[in-house]
Amino acid sequence: MAAAAAQTLQLRPLGNTGLKLSSVGFGASPLGKVFGDVSEQDAIAAVREAFRRGVNFFDTSPFYGGTLSEKVLGRALKALGVPRDQYIVSTKCGRYKEGFDFCAERVTKSIDESLERLQLDYVDIFHCHDIEFGSLDQIVNETLPALLKLKQAGKIRFIGITGLPLGIFTYVLDRVPPGTVDVILSYCHYSINDSTLEDLLPYLKSKGVGVISASPLSMGLLTEAGGPEWHPASSELKAACRAAVDHCKERGKNISKLALQYSLTNTDISTILVGMKSVKEVEENIAAALELATVGMDEEALSEITEILKPVKNQTWPSGIQQR
């Protein structure tokens, strides 16, 4: 028991930033009540337990819950009562409850608003949020130069870009000076049903860009509850994921645990962001990561699920206006 208690999450380097992120990151969108109600007491307890168990990376956005996620995360981090350098925070700009705005003036104002809500003097990573909904040329020529000024001012340490289509990353990175973009955040492209991010990893490594992957459960498809009603996946993909979920359930296996473990296996990805809003969820996710490190994956179950999902492997969906 003592040995198990001493186990902690693996830390992985993030590109050329010098940061080392816990292999499991805390996705704070649920703190904005994006996926159902959550009390502030539960939210603070979840952040505290995650930090205690070795999670050092917390990700949010002003878009999540119309700024609520940032406010709650800010209060939760303050309640930890630990030095600021003990945790890594990322937030985003360009996507808001009111819509998208990547202009220099808006993103410059955005960091000050976020810092106030988070009760911080700086954020470690500032992402342009879901850039496929804006003009990629504006991101290159206006947004990123504005973020570089914020970096020089010490309000942000590193710059990132996020979105669903993988082509947005190469488009931007091919058009900016080396070192402009430090990090990319991709979602739903490194999970059992879609591992297309893997093809991009050598390119990103060649650019010195750190990689964060989110939504290892494909925005709920690889859970017993299933994806939300608005999930943009095809009916074929949803049906295949449901069949995989049912297969696991019949055999007493947890598909969400397997999906998270699968996503954690590629160490070229610095961290897997998982949305969490309760101590129970934190415990389950960290237990899955530690089990992977000590016991390994249930290869038989993974093989069976992979076979079920084979007909829809790497089938993506159009970017939709969704909460994530």
# chains A, B, ... in the order shown; residues from 1 in each chain; ligands from 1
call {"tool": "residues_around", "arguments": {"residues": "Phe102 of chain A", "least_positions_apart": "4", "cutoff": "9 Å", "atoms": "only C-alpha atoms", "output": "ChimeraX atom specification"}}
result
/A:93-95,106-107,128-129,131,134-135,138-139,142-143
call {"tool": "atom_distance", "arguments": {"atom1": "atom CA of Ile161 of chain A", "atom2": "atom CA of Ser215 of chain A"}}
result
16.0 Å
call {"tool": "residues_around", "arguments": {"residues": "segment 9-20 of chain A", "least_positions_apart": "6", "cutoff": "9 Å", "atoms": "only C-alpha atoms", "output": "VMD selection string"}}
result
chain A and resid 53 to 56 88 157 to 158 179 182 to 183 204 to 205 207 to 212 267 to 271 286 289 to 290 293
call {"tool": "atom_distance", "arguments": {"atom1": "atom CA of Gly220 of chain A", "atom2": "atom CA of Lys280 of chain A"}}
result
17.3 Å
call {"tool": "select_by_dssp", "arguments": {"residues": "segment 116-283 of chain A", "states": "helix (DSSP H, G or I)", "output": "ChimeraX atom specification"}}
result
/A:116-118,131-133,136-152,167-173,197-206,235-250,255-264,279-283
call {"tool": "select_by_dssp", "arguments": {"residues": "segment 83-276 of chain A", "states": "strand (DSSP E or B)", "output": "NGL selection string"}}
result
:A and (88-93 or 95-96 or 99-100 or 123-128 or 156-163 or 183-187 or 191 or 194 or 210-214 or 271-275)
call {"tool": "closest_residue", "arguments": {"among": "A:Asp137, A:Glu284, A:Glu300, A:Glu70", "to": "Glu116 of chain A", "atoms": "only C-alpha atoms"}}
result
A:Glu70
call {"tool": "residues_around", "arguments": {"residues": "Asp199 of chain A", "least_positions_apart": "6", "cutoff": "12 Å", "atoms": "only C-alpha atoms", "output": "list in words"}}
result
Leu166, Gly167, Thr170, His189, Tyr190, Lys205, Asp268 and Asn314 of chain A
call {"tool": "write_last_selection", "arguments": {"atoms": "all heavy atoms", "output": "PDB file, in the first residue's frame"}}
result
ATOM      1  N   LEU A 166      -6.902  19.124 -38.317  1.00  0.00           N
ATOM      2  CA  LEU A 166      -5.439  19.104 -38.132  1.00  0.00           C
ATOM      3  C   LEU A 166      -4.713  20.013 -39.119  1.00  0.00           C
ATOM      4  O   LEU A 166      -3.621  20.514 -38.827  1.00  0.00           O
ATOM      5  CB  LEU A 166      -4.930  17.665 -38.251  1.00  0.00           C
ATOM      6  CG  LEU A 166      -5.400  16.719 -37.134  1.00  0.00           C
ATOM      7  CD1 LEU A 166      -4.956  15.292 -37.412  1.00  0.00           C
ATOM      8  CD2 LEU A 166      -4.896  17.174 -35.769  1.00  0.00           C
ATOM      9  N   GLY A 167      -5.310  20.271 -40.268  1.00  0.00           N
ATOM     10  CA  GLY A 167      -4.663  21.112 -41.279  1.00  0.00           C
ATOM     11  C   GLY A 167      -4.430  22.547 -40.841  1.00  0.00           C
ATOM     12  O   GLY A 167      -3.561  23.232 -41.394  1.00  0.00           O
ATOM     13  N   THR A 170      -0.645  23.019 -39.489  1.00  0.00           N
ATOM     14  CA  THR A 170       0.421  23.156 -40.488  1.00  0.00           C
ATOM     15  C   THR A 170       0.275  24.471 -41.242  1.00  0.00           C
ATOM     16  O   THR A 170       1.269  25.123 -41.564  1.00  0.00           O
ATOM     17  CB  THR A 170       0.400  21.974 -41.480  1.00  0.00           C
ATOM     18  OG1 THR A 170      -0.922  21.803 -41.982  1.00  0.00           O
ATOM     19  CG2 THR A 170       0.835  20.688 -40.805  1.00  0.00           C
ATOM     20  N   HIS A 189      -8.513  13.688 -31.784  1.00  0.00           N
ATOM     21  CA  HIS A 189      -7.690  13.058 -32.824  1.00  0.00           C
ATOM     22  C   HIS A 189      -6.612  12.144 -32.249  1.00  0.00           C
ATOM     23  O   HIS A 189      -5.679  11.769 -32.954  1.00  0.00           O
ATOM     24  CB  HIS A 189      -7.057  14.117 -33.735  1.00  0.00           C
ATOM     25  CG  HIS A 189      -8.035  14.759 -34.671  1.00  0.00           C
ATOM     26  ND1 HIS A 189      -8.867  14.031 -35.494  1.00  0.00           N
ATOM     27  CD2 HIS A 189      -8.324  16.062 -34.911  1.00  0.00           C
ATOM     28  CE1 HIS A 189      -9.610  14.861 -36.215  1.00  0.00           C
ATOM     29  NE2 HIS A 189      -9.303  16.096 -35.867  1.00  0.00           N
ATOM     30  N   TYR A 190      -6.717  11.835 -30.951  1.00  0.00           N
ATOM     31  CA  TYR A 190      -5.869  10.767 -30.431  1.00  0.00           C
ATOM     32  C   TYR A 190      -6.673   9.960 -29.417  1.00  0.00           C
ATOM     33  O   TYR A 190      -6.529  10.102 -28.197  1.00  0.00           O
ATOM     34  CB  TYR A 190      -4.559  11.270 -29.813  1.00  0.00           C
ATOM     35  CG  TYR A 190      -3.530  10.148 -29.846  1.00  0.00           C
ATOM     36  CD1 TYR A 190      -2.759   9.921 -30.979  1.00  0.00           C
ATOM     37  CD2 TYR A 190      -3.408   9.254 -28.785  1.00  0.00           C
ATOM     38  CE1 TYR A 190      -1.875   8.858 -31.048  1.00  0.00           C
ATOM     39  CE2 TYR A 190      -2.527   8.183 -28.852  1.00  0.00           C
ATOM     40  CZ  TYR A 190      -1.766   7.993 -29.983  1.00  0.00           C
ATOM     41  OH  TYR A 190      -0.901   6.923 -30.067  1.00  0.00           O
ATOM     42  N   LYS A 205       7.177  17.965 -33.934  1.00  0.00           N
ATOM     43  CA  LYS A 205       8.461  17.806 -33.238  1.00  0.00           C
ATOM     44  C   LYS A 205       9.557  18.559 -33.977  1.00  0.00           C
ATOM     45  O   LYS A 205      10.405  19.218 -33.354  1.00  0.00           O
ATOM     46  CB  LYS A 205       8.807  16.314 -33.136  1.00  0.00           C
ATOM     47  CG  LYS A 205       9.954  16.015 -32.183  1.00  0.00           C
ATOM     48  CD  LYS A 205      10.216  14.518 -32.072  1.00  0.00           C
ATOM     49  CE  LYS A 205       9.593  13.953 -30.837  1.00  0.00           C
ATOM     50  NZ  LYS A 205      10.028  12.576 -30.540  1.00  0.00           N
ATOM     51  N   ASP A 268       5.032  11.158 -26.985  1.00  0.00           N
ATOM     52  CA  ASP A 268       5.299  12.376 -27.761  1.00  0.00           C
ATOM     53  C   ASP A 268       4.200  13.412 -27.531  1.00  0.00           C
ATOM     54  O   ASP A 268       4.341  14.572 -27.911  1.00  0.00           O
ATOM     55  CB  ASP A 268       5.403  12.064 -29.254  1.00  0.00           C
ATOM     56  CG  ASP A 268       6.722  11.383 -29.603  1.00  0.00           C
ATOM     57  OD1 ASP A 268       7.705  11.592 -28.852  1.00  0.00           O
ATOM     58  OD2 ASP A 268       6.777  10.655 -30.604  1.00  0.00           O
ATOM     59  N   ASN A 314     -10.801   6.646 -37.717  1.00  0.00           N
ATOM     60  CA  ASN A 314     -10.347   7.947 -38.231  1.00  0.00           C
ATOM     61  C   ASN A 314     -11.431   8.720 -38.978  1.00  0.00           C
ATOM     62  O   ASN A 314     -11.134   9.662 -39.720  1.00  0.00           O
ATOM     63  CB  ASN A 314      -9.101   7.791 -39.110  1.00  0.00           C
ATOM     64  CG  ASN A 314      -7.913   7.274 -38.329  1.00  0.00           C
ATOM     65  OD1 ASN A 314      -7.852   7.418 -37.107  1.00  0.00           O
ATOM     66  ND2 ASN A 314      -6.969   6.648 -39.004  1.00  0.00           N
TER      67      ASN A 314
END
call {"tool": "decode", "arguments": {"residues": "segment 159-182 of chain A", "atoms": "N, CA and C atoms", "output": "short mmCIF file (atom, residue, chain, number, x, y, z; two decimals), in the first residue's frame"}}
result
data_model
loop_
_atom_site.label_atom_id
_atom_site.label_comp_id
_atom_site.auth_asym_id
_atom_site.auth_seq_id
_atom_site.Cartn_x
_atom_site.Cartn_y
_atom_site.Cartn_z
N ILE A 159 2.73 30.65 -26.21
CA ILE A 159 1.61 30.88 -27.12
C ILE A 159 1.16 29.56 -27.74
N GLY A 160 -0.14 29.36 -27.81
CA GLY A 160 -0.68 28.15 -28.41
C GLY A 160 -1.82 28.43 -29.37
N ILE A 161 -2.16 27.41 -30.17
CA ILE A 161 -3.34 27.47 -31.04
C ILE A 161 -4.12 26.17 -30.87
N THR A 162 -5.45 26.26 -30.96
CA THR A 162 -6.28 25.08 -30.79
C THR A 162 -7.30 24.99 -31.92
N GLY A 163 -7.81 23.77 -32.12
CA GLY A 163 -8.88 23.57 -33.10
C GLY A 163 -9.06 22.10 -33.43
N LEU A 164 -10.09 21.81 -34.22
CA LEU A 164 -10.39 20.43 -34.59
C LEU A 164 -9.66 19.96 -35.85
N PRO A 165 -9.76 20.66 -37.00
CA PRO A 165 -9.10 20.14 -38.21
C PRO A 165 -7.58 20.22 -38.08
N LEU A 166 -6.90 19.12 -38.32
CA LEU A 166 -5.44 19.10 -38.13
C LEU A 166 -4.71 20.01 -39.12
N GLY A 167 -5.31 20.27 -40.27
CA GLY A 167 -4.66 21.11 -41.28
C GLY A 167 -4.43 22.55 -40.84
N ILE A 168 -5.18 23.01 -39.84
CA ILE A 168 -5.00 24.39 -39.38
C ILE A 168 -3.62 24.59 -38.76
N PHE A 169 -3.10 23.53 -38.15
CA PHE A 169 -1.81 23.66 -37.46
C PHE A 169 -0.66 23.84 -38.45
N THR A 170 -0.64 23.02 -39.49
CA THR A 170 0.42 23.16 -40.49
C THR A 170 0.27 24.47 -41.24
N TYR A 171 -0.96 24.89 -41.52
CA TYR A 171 -1.18 26.15 -42.25
C TYR A 171 -0.52 27.31 -41.50
N VAL A 172 -0.78 27.38 -40.20
CA VAL A 172 -0.25 28.50 -39.40
C VAL A 172 1.25 28.35 -39.18
N LEU A 173 1.70 27.16 -38.78
CA LEU A 173 3.11 26.97 -38.45
C LEU A 173 4.02 27.17 -39.66
N ASP A 174 3.51 26.90 -40.85
CA ASP A 174 4.31 27.11 -42.06
C ASP A 174 4.43 28.58 -42.43
N ARG A 175 3.64 29.44 -41.78
CA ARG A 175 3.59 30.85 -42.17
C ARG A 175 4.08 31.82 -41.09
N VAL A 176 4.55 31.30 -39.98
CA VAL A 176 5.06 32.18 -38.92
C VAL A 176 6.53 31.86 -38.65
N PRO A 177 7.28 32.82 -38.13
CA PRO A 177 8.69 32.54 -37.80
C PRO A 177 8.79 31.43 -36.76
N PRO A 178 9.85 30.62 -36.83
CA PRO A 178 10.05 29.56 -35.83
C PRO A 178 10.01 30.13 -34.42
N GLY A 179 9.36 29.41 -33.52
CA GLY A 179 9.28 29.87 -32.14
C GLY A 179 8.11 30.78 -31.83
N THR A 180 7.34 31.16 -32.86
CA THR A 180 6.16 32.01 -32.62
C THR A 180 5.11 31.25 -31.84
N VAL A 181 4.81 30.05 -32.32
CA VAL A 181 3.83 29.19 -31.65
C VAL A 181 4.60 28.12 -30.87
N ASP A 182 4.34 28.06 -29.57
CA ASP A 182 5.05 27.12 -28.70
C ASP A 182 4.32 25.78 -28.55
#
